[in-house]
$ cat structure04.txt   # compact mmCIF, C-alpha atoms
# COMPACT_ATOMS: atom_id res chain seq x y z
CA MET A 1094 66.26 82.88 113.17
CA SER A 1095 62.79 82.84 114.67
CA LYS A 1096 60.10 80.22 114.33
CA ILE A 1097 56.34 80.51 114.60
CA SER A 1098 53.94 77.75 115.59
CA TRP A 1099 51.26 76.54 113.21
CA LYS A 1100 48.37 74.21 113.78
CA PRO A 1101 49.28 70.53 113.33
CA GLY A 1102 49.27 69.54 109.66
CA THR A 1103 50.85 67.51 106.92
CA MET A 1104 54.08 69.42 106.49
CA ILE A 1105 56.57 66.62 105.79
CA ASN A 1106 57.80 67.59 102.35
CA PRO A 1107 58.86 66.77 99.68
CA LEU A 1108 57.22 63.43 99.05
CA PRO A 1109 57.29 61.16 96.03
CA ALA A 1110 54.41 61.80 93.64
CA VAL A 1111 53.49 58.24 92.68
CA LEU A 1112 50.81 56.70 90.54
CA VAL A 1113 49.14 53.79 92.30
CA THR A 1114 47.58 51.28 89.95
CA CYS A 1115 44.84 48.89 91.02
CA GLY A 1116 42.13 46.59 89.73
CA SER A 1117 42.11 42.92 88.77
CA THR A 1118 41.30 42.95 85.05
CA PRO A 1119 41.99 45.30 82.14
CA ASP A 1120 38.32 46.34 82.32
CA ASP A 1121 38.69 47.78 85.84
CA TRP A 1122 42.37 48.76 85.93
CA ASN A 1123 42.70 52.28 87.29
CA MET A 1124 45.32 54.65 88.63
CA LEU A 1125 45.37 57.41 91.21
CA THR A 1126 47.99 59.90 92.28
CA VAL A 1127 49.27 59.47 95.84
CA ALA A 1128 51.83 61.45 97.80
CA TRP A 1129 51.08 59.90 101.19
CA THR A 1130 53.34 56.89 100.69
CA GLY A 1131 56.57 55.49 102.01
CA THR A 1132 58.73 52.66 103.27
CA ILE A 1133 57.79 50.98 106.55
CA CYS A 1134 60.26 48.11 106.87
CA THR A 1135 63.27 46.63 105.09
CA ASN A 1136 63.00 43.01 106.19
CA PRO A 1137 60.36 42.00 105.32
CA ALA A 1138 60.02 44.67 102.64
CA MET A 1139 56.91 46.70 103.44
CA CYS A 1140 55.44 50.03 102.39
CA TYR A 1141 52.20 51.95 102.67
CA ILE A 1142 49.83 54.24 100.82
CA SER A 1143 47.11 56.39 102.36
CA VAL A 1144 43.92 56.87 100.35
CA ARG A 1145 40.65 58.71 100.99
CA PRO A 1146 37.72 56.24 101.12
CA GLU A 1147 35.72 58.35 98.64
CA ARG A 1148 38.29 57.85 95.87
CA HIS A 1149 37.16 55.65 92.95
CA SER A 1150 40.20 53.38 93.40
CA TYR A 1151 39.59 52.78 97.11
CA PRO A 1152 37.06 49.91 96.71
CA LEU A 1153 39.23 48.35 93.98
CA ILE A 1154 42.15 48.18 96.39
CA VAL A 1155 39.95 46.87 99.22
CA ARG A 1156 38.35 44.21 97.01
CA ASN A 1157 41.62 42.89 95.55
CA MET A 1158 43.92 43.71 98.49
CA GLU A 1159 46.67 44.52 95.98
CA PHE A 1160 48.12 47.58 94.30
CA THR A 1161 51.26 48.72 92.48
CA ILE A 1162 53.23 51.86 93.34
CA ASN A 1163 54.71 53.40 90.19
CA LEU A 1164 57.36 56.08 90.61
CA THR A 1165 56.92 59.05 88.31
CA THR A 1166 59.25 61.30 86.36
CA THR A 1167 59.18 64.87 85.14
CA ASP A 1168 58.12 63.49 81.73
CA MET A 1169 55.08 62.02 83.50
CA ALA A 1170 54.21 65.20 85.47
CA ARG A 1171 51.13 66.20 83.48
CA ALA A 1172 49.72 62.65 83.56
CA THR A 1173 50.49 62.37 87.29
CA ASP A 1174 48.63 65.58 88.08
CA TRP A 1175 45.73 64.74 85.75
CA ALA A 1176 45.26 61.30 87.31
CA GLY A 1177 45.08 62.95 90.74
CA VAL A 1178 42.37 65.49 89.91
CA ARG A 1179 40.08 63.37 87.72
CA SER A 1180 38.04 60.35 88.78
CA GLY A 1181 38.41 56.93 87.21
CA GLY A 1182 34.64 56.66 87.61
CA GLN A 1183 34.20 59.38 84.98
CA TYR A 1184 37.27 59.00 82.76
CA ASP A 1185 39.45 56.32 81.25
CA LYS A 1186 42.67 57.52 82.82
CA TRP A 1187 44.81 55.32 80.57
CA LYS A 1188 43.37 56.89 77.45
CA GLU A 1189 43.38 60.44 78.84
CA THR A 1190 46.97 60.36 80.17
CA GLY A 1191 48.52 58.31 77.38
CA LEU A 1192 50.17 56.02 79.93
CA THR A 1193 50.46 52.32 79.10
CA PRO A 1194 49.35 49.55 81.46
CA ILE A 1195 51.20 46.25 81.39
CA PRO A 1196 50.06 43.22 83.40
CA GLY A 1197 51.56 42.77 86.85
CA GLU A 1198 53.85 39.83 87.49
CA MET A 1199 52.93 39.02 91.11
CA VAL A 1200 49.66 40.98 91.41
CA ALA A 1201 46.59 41.48 89.24
CA SER A 1202 47.02 45.26 89.19
CA PRO A 1203 48.98 46.67 86.25
CA THR A 1204 52.36 48.33 86.08
CA ILE A 1205 52.78 51.61 84.19
CA ASP A 1206 55.20 50.98 81.34
CA GLN A 1207 56.59 54.55 81.47
CA SER A 1208 57.44 54.31 85.18
CA PRO A 1209 61.14 53.82 85.98
CA LEU A 1210 60.29 51.66 89.00
CA SER A 1211 57.13 49.80 89.99
CA ILE A 1212 56.51 48.11 93.33
CA GLU A 1213 53.91 45.32 93.41
CA CYS A 1214 52.22 45.10 96.80
CA ARG A 1215 49.76 42.93 98.72
CA VAL A 1216 47.75 44.61 101.47
CA LYS A 1217 48.47 43.21 104.90
CA GLU A 1218 46.36 45.60 106.97
CA ILE A 1219 44.08 48.60 106.54
CA MET A 1220 44.22 51.24 109.26
CA HIS A 1221 41.22 53.60 109.40
CA LEU A 1222 42.77 56.88 110.51
CA GLY A 1223 40.41 59.76 109.68
CA SER A 1224 40.46 61.53 106.30
CA HIS A 1225 42.61 58.71 104.86
CA ASP A 1226 42.94 54.98 105.38
CA MET A 1227 46.44 53.56 105.41
CA PHE A 1228 47.08 50.40 103.39
CA ILE A 1229 50.06 48.63 104.92
CA ALA A 1230 51.47 46.21 102.38
CA ASP A 1231 54.11 43.58 101.76
CA VAL A 1232 56.31 44.20 98.73
CA LEU A 1233 56.00 41.16 96.48
CA ASN A 1234 58.01 42.32 93.49
CA VAL A 1235 59.98 45.30 92.19
CA ARG A 1236 60.11 45.98 88.46
CA ALA A 1237 62.91 48.27 87.27
CA ASP A 1238 63.20 49.87 83.85
CA SER A 1239 66.38 48.47 82.29
CA ARG A 1240 67.22 51.90 80.81
CA TRP A 1241 68.42 52.96 84.27
CA ILE A 1242 70.55 49.89 84.98
CA ASP A 1243 74.25 50.17 84.15
CA PRO A 1244 75.05 47.15 81.95
CA GLU A 1245 78.64 46.98 83.21
CA THR A 1246 78.12 47.31 86.96
CA GLY A 1247 74.46 46.33 87.36
CA ALA A 1248 73.97 49.51 89.41
CA PHE A 1249 70.46 50.99 89.31
CA ASN A 1250 70.84 54.68 88.44
CA LEU A 1251 67.31 55.74 89.38
CA GLU A 1252 68.50 59.30 90.06
CA GLU A 1253 69.02 59.72 86.30
CA ALA A 1254 65.33 59.04 85.56
CA GLY A 1255 64.21 62.59 86.48
CA LEU A 1256 62.05 61.63 89.45
CA LEU A 1257 59.05 63.78 90.34
CA VAL A 1258 58.29 64.93 93.88
CA TYR A 1259 55.39 66.77 95.50
CA SER A 1260 55.81 69.57 98.01
CA HIS A 1261 52.90 71.43 99.54
CA GLY A 1262 50.70 71.50 96.45
CA LYS A 1263 53.48 71.77 93.85
CA TYR A 1264 55.52 69.35 91.74
CA PHE A 1265 59.31 69.51 91.48
CA SER A 1266 62.14 67.56 89.91
CA LEU A 1267 64.94 66.45 92.19
CA GLY A 1268 67.98 68.72 92.38
CA GLU A 1269 71.69 68.19 92.26
CA LEU A 1270 73.57 65.50 94.17
CA ILE A 1271 74.95 66.75 97.49
CA GLY A 1272 76.54 63.53 98.73
CA LYS A 1273 76.14 59.78 99.10
CA PHE A 1274 74.95 58.02 102.24
CA GLY A 1275 77.77 58.21 104.79
CA PHE A 1276 79.65 61.06 103.05
CA SER A 1277 79.79 63.05 106.29
CA VAL A 1278 81.94 60.45 108.03
CA LYS A 1279 83.94 59.08 105.11
CA LYS A 1280 87.69 59.30 105.55
CA LYS A 1281 89.48 61.35 102.92

$ encode --input "structure04.txt" --output "structure tokens"
Amino acid sequence: MSKISWKPGTMINPLPAVLVTCGSTPDDWNMLTVAWTGTICTNPAMCYISVRPERHSYPLIVRNMEFTINLTTTDMARATDWAGVRSGGQYDKWKETGLTPIPGEMVASPTIDQSPLSIECRVKEIMHLGSHDMFIADVLNVRADSRWIDPETGAFNLEEAGLLVYSHGKYFSLGELIGKFGFSVKKK
């Protein structure tokens, strides 16, 4: 196998394709598609999103210092893509995508009803990095769709929701299970 060197770039793939919701009232609630997102810390629970300052949602997040990360599914793929290529300044993304906002529990920003998992966040710090600013946030609340919770065991079967991922300009569904954490060292 041979490898070639490329210029430095954003090649960590796949990433979750999430819909970030923001705004403080139903009149200004908006959503944007983000793939630059992830976990930062377990205790305290923290995550981040990176957003271009020219995005319509950027000043909403800065003003309210809150947002909600909504995981997406293959059923939400068209809406996820549409929300990422159209501006909330020109369109009512809720109406155009058919997604349903429901009020947040711990933040003013809404949760997307169709999302299997929503993470309500409060911004702790904004890092100005270049093309994107990183919003480092504390996780205040996690809202899980009860359809994916096993009523007998209480286990959250998120893998059954048909999660959507983004890889170098394309959307994919997750593939088959290869193993569980620790499978490589588990005694038989």

$ residues_around --input "structure04.txt" --residues "region 1210-1222 of chain A" --least-positions-apart "2" --cutoff "6 Å" --atoms "only C-alpha atoms" --output "PyMOL selection string"
chain A and resi 1158-1164+1208+1225-1237

$ residues_around --input "structure04.txt" --residues "region 1097-1113 of chain A" --least-positions-apart "6" --cutoff "8 Å" --atoms "all atoms listed in the file" --output "PyMOL selection string"
chain A and resi 1124-1130+1160-1165+1173+1176+1257-1261+1264

$ residues_around --input "structure04.txt" --residues "Asn1250 (chain A)" --least-positions-apart "3" --cutoff "6 Å" --atoms "only C-alpha atoms" --output "list in words"
Trp1241, Ile1242 and Glu1253 of chain A

$ residues_around --input "structure04.txt" --residues "region 1198-1205 of chain A" --least-positions-apart "6" --cutoff "6 Å" --atoms "only C-alpha atoms" --output "PyMOL selection string"
chain A and resi 1115-1117+1160

$ residues_around --input "structure04.txt" --residues "Gly1268 (chain A)" --least-positions-apart "3" --cutoff "10 Å" --atoms "only C-alpha atoms" --output "list of chain:residue names"
A:Glu1252, A:Gly1255, A:Leu1256, A:Phe1265, A:Ile1271

$ closest_residue --input "structure04.txt" --among "A:Glu1147, A:Asp1121, A:Ile1142, A:Ala1248" --to "Pro1194 (chain A)" --atoms "only C-alpha atoms"
A:Asp1121

$ atom_distance --input "structure04.txt" --atom1 "CA of Gly1181 (chain A)" --atom2 "CA of Ile1133 (chain A)"
28.0 Å

$ atom_distance --input "structure04.txt" --atom1 "CA of Phe1274 (chain A)" --atom2 "CA of Thr1166 (chain A)"
22.6 Å

$ atom_distance --input "structure04.txt" --atom1 "CA of Gln1183 (chain A)" --atom2 "CA of Asp1168 (chain A)"
24.5 Å

$ residues_near_point --input "structure04.txt" --point "(45.3, 49.6, 80.9)" --cutoff "6 Å" --atoms "only C-alpha atoms" --output "VMD selection string"
chain A and resid 1119 1122 1187 1194

$ axis_aligned_box --input "structure04.txt" --around "region 1170-1189 of chain A" --padding-each-side "5 Å" --output "JSON"
{"center_x": 44.2, "center_y": 60.8, "center_z": 84.1, "size_x": 30.0, "size_y": 20.9, "size_z": 23.3}

$ closest_residue --input "structure04.txt" --among "A:Pro1146, A:Gly1177, A:Pro1152, A:Pro1209" --to "Gly1262 (chain A)" --atoms "all atoms listed in the file"
A:Gly1177

$ closest_residue --input "structure04.txt" --among "A:Gln1207, A:Phe1249, A:His1149, A:Ile1195" --to "Ser1180 (chain A)" --atoms "all atoms listed in the file"
A:His1149

$ build_atoms --input "structure04.txt" --residues "region 1105-1116 of chain A" --atoms "all heavy atoms" --output "PDB file, in the coordinates of the input"
ATOM      1  N   ILE A1105      55.365  67.368 106.155  1.00  0.00           N
ATOM      2  CA  ILE A1105      56.570  66.620 105.790  1.00  0.00           C
ATOM      3  C   ILE A1105      56.673  66.653 104.271  1.00  0.00           C
ATOM      4  O   ILE A1105      55.857  66.061 103.571  1.00  0.00           O
ATOM      5  CB  ILE A1105      56.514  65.176 106.318  1.00  0.00           C
ATOM      6  CG1 ILE A1105      56.411  65.177 107.833  1.00  0.00           C
ATOM      7  CG2 ILE A1105      57.738  64.391 105.853  1.00  0.00           C
ATOM      8  CD1 ILE A1105      56.119  63.814 108.431  1.00  0.00           C
ATOM      9  N   ASN A1106      57.646  67.383 103.776  1.00  0.00           N
ATOM     10  CA  ASN A1106      57.800  67.590 102.350  1.00  0.00           C
ATOM     11  C   ASN A1106      59.274  67.618 101.992  1.00  0.00           C
ATOM     12  O   ASN A1106      60.078  67.991 102.829  1.00  0.00           O
ATOM     13  CB  ASN A1106      57.184  68.945 101.945  1.00  0.00           C
ATOM     14  CG  ASN A1106      55.673  68.887 101.909  1.00  0.00           C
ATOM     15  OD1 ASN A1106      55.100  68.353 100.996  1.00  0.00           O
ATOM     16  ND2 ASN A1106      55.039  69.431 102.936  1.00  0.00           N
ATOM     17  N   PRO A1107      59.680  67.280 100.778  1.00  0.00           N
ATOM     18  CA  PRO A1107      58.860  66.770  99.680  1.00  0.00           C
ATOM     19  C   PRO A1107      58.564  65.287  99.853  1.00  0.00           C
ATOM     20  O   PRO A1107      59.195  64.614 100.659  1.00  0.00           O
ATOM     21  CB  PRO A1107      59.738  67.008  98.461  1.00  0.00           C
ATOM     22  CG  PRO A1107      61.129  66.878  98.974  1.00  0.00           C
ATOM     23  CD  PRO A1107      61.084  67.431 100.372  1.00  0.00           C
ATOM     24  N   LEU A1108      57.631  64.835  99.074  1.00  0.00           N
ATOM     25  CA  LEU A1108      57.220  63.430  99.050  1.00  0.00           C
ATOM     26  C   LEU A1108      57.246  62.941  97.608  1.00  0.00           C
ATOM     27  O   LEU A1108      57.102  63.739  96.682  1.00  0.00           O
ATOM     28  CB  LEU A1108      55.787  63.302  99.599  1.00  0.00           C
ATOM     29  CG  LEU A1108      55.578  63.739 101.039  1.00  0.00           C
ATOM     30  CD1 LEU A1108      54.103  63.948 101.321  1.00  0.00           C
ATOM     31  CD2 LEU A1108      56.160  62.708 101.979  1.00  0.00           C
ATOM     32  N   PRO A1109      57.386  61.639  97.416  1.00  0.00           N
ATOM     33  CA  PRO A1109      57.290  61.160  96.030  1.00  0.00           C
ATOM     34  C   PRO A1109      55.865  61.344  95.524  1.00  0.00           C
ATOM     35  O   PRO A1109      54.907  61.147  96.265  1.00  0.00           O
ATOM     36  CB  PRO A1109      57.653  59.681  96.146  1.00  0.00           C
ATOM     37  CG  PRO A1109      57.394  59.326  97.563  1.00  0.00           C
ATOM     38  CD  PRO A1109      57.611  60.575  98.370  1.00  0.00           C
ATOM     39  N   ALA A1110      55.720  61.752  94.292  1.00  0.00           N
ATOM     40  CA  ALA A1110      54.410  61.800  93.640  1.00  0.00           C
ATOM     41  C   ALA A1110      54.304  60.521  92.831  1.00  0.00           C
ATOM     42  O   ALA A1110      54.948  60.389  91.789  1.00  0.00           O
ATOM     43  CB  ALA A1110      54.310  63.025  92.734  1.00  0.00           C
ATOM     44  N   VAL A1111      53.571  59.544  93.341  1.00  0.00           N
ATOM     45  CA  VAL A1111      53.490  58.240  92.680  1.00  0.00           C
ATOM     46  C   VAL A1111      52.124  58.034  92.057  1.00  0.00           C
ATOM     47  O   VAL A1111      51.142  58.663  92.453  1.00  0.00           O
ATOM     48  CB  VAL A1111      53.805  57.083  93.665  1.00  0.00           C
ATOM     49  CG1 VAL A1111      55.186  57.255  94.289  1.00  0.00           C
ATOM     50  CG2 VAL A1111      52.739  56.944  94.736  1.00  0.00           C
ATOM     51  N   LEU A1112      52.076  57.157  91.097  1.00  0.00           N
ATOM     52  CA  LEU A1112      50.810  56.700  90.540  1.00  0.00           C
ATOM     53  C   LEU A1112      50.590  55.284  91.049  1.00  0.00           C
ATOM     54  O   LEU A1112      51.423  54.405  90.825  1.00  0.00           O
ATOM     55  CB  LEU A1112      50.840  56.733  89.011  1.00  0.00           C
ATOM     56  CG  LEU A1112      50.722  58.133  88.415  1.00  0.00           C
ATOM     57  CD1 LEU A1112      51.071  58.122  86.928  1.00  0.00           C
ATOM     58  CD2 LEU A1112      49.321  58.688  88.630  1.00  0.00           C
ATOM     59  N   VAL A1113      49.501  55.104  91.771  1.00  0.00           N
ATOM     60  CA  VAL A1113      49.140  53.790  92.300  1.00  0.00           C
ATOM     61  C   VAL A1113      48.153  53.172  91.324  1.00  0.00           C
ATOM     62  O   VAL A1113      47.143  53.788  90.980  1.00  0.00           O
ATOM     63  CB  VAL A1113      48.529  53.903  93.706  1.00  0.00           C
ATOM     64  CG1 VAL A1113      47.992  52.555  94.174  1.00  0.00           C
ATOM     65  CG2 VAL A1113      49.560  54.449  94.689  1.00  0.00           C
ATOM     66  N   THR A1114      48.476  51.979  90.853  1.00  0.00           N
ATOM     67  CA  THR A1114      47.580  51.280  89.950  1.00  0.00           C
ATOM     68  C   THR A1114      46.891  50.157  90.715  1.00  0.00           C
ATOM     69  O   THR A1114      47.447  49.572  91.647  1.00  0.00           O
ATOM     70  CB  THR A1114      48.333  50.719  88.729  1.00  0.00           C
ATOM     71  OG1 THR A1114      49.511  50.038  89.161  1.00  0.00           O
ATOM     72  CG2 THR A1114      48.737  51.853  87.797  1.00  0.00           C
ATOM     73  N   CYS A1115      45.645  49.881  90.312  1.00  0.00           N
ATOM     74  CA  CYS A1115      44.840  48.890  91.020  1.00  0.00           C
ATOM     75  C   CYS A1115      43.839  48.281  90.046  1.00  0.00           C
ATOM     76  O   CYS A1115      43.721  48.705  88.906  1.00  0.00           O
ATOM     77  CB  CYS A1115      44.146  49.529  92.218  1.00  0.00           C
ATOM     78  SG  CYS A1115      43.126  50.953  91.782  1.00  0.00           S
ATOM     79  N   GLY A1116      43.104  47.306  90.539  1.00  0.00           N
ATOM     80  CA  GLY A1116      42.130  46.590  89.730  1.00  0.00           C
ATOM     81  C   GLY A1116      42.642  45.202  89.402  1.00  0.00           C
ATOM     82  O   GLY A1116      43.843  44.935  89.489  1.00  0.00           O
TER      83      GLY A1116
END
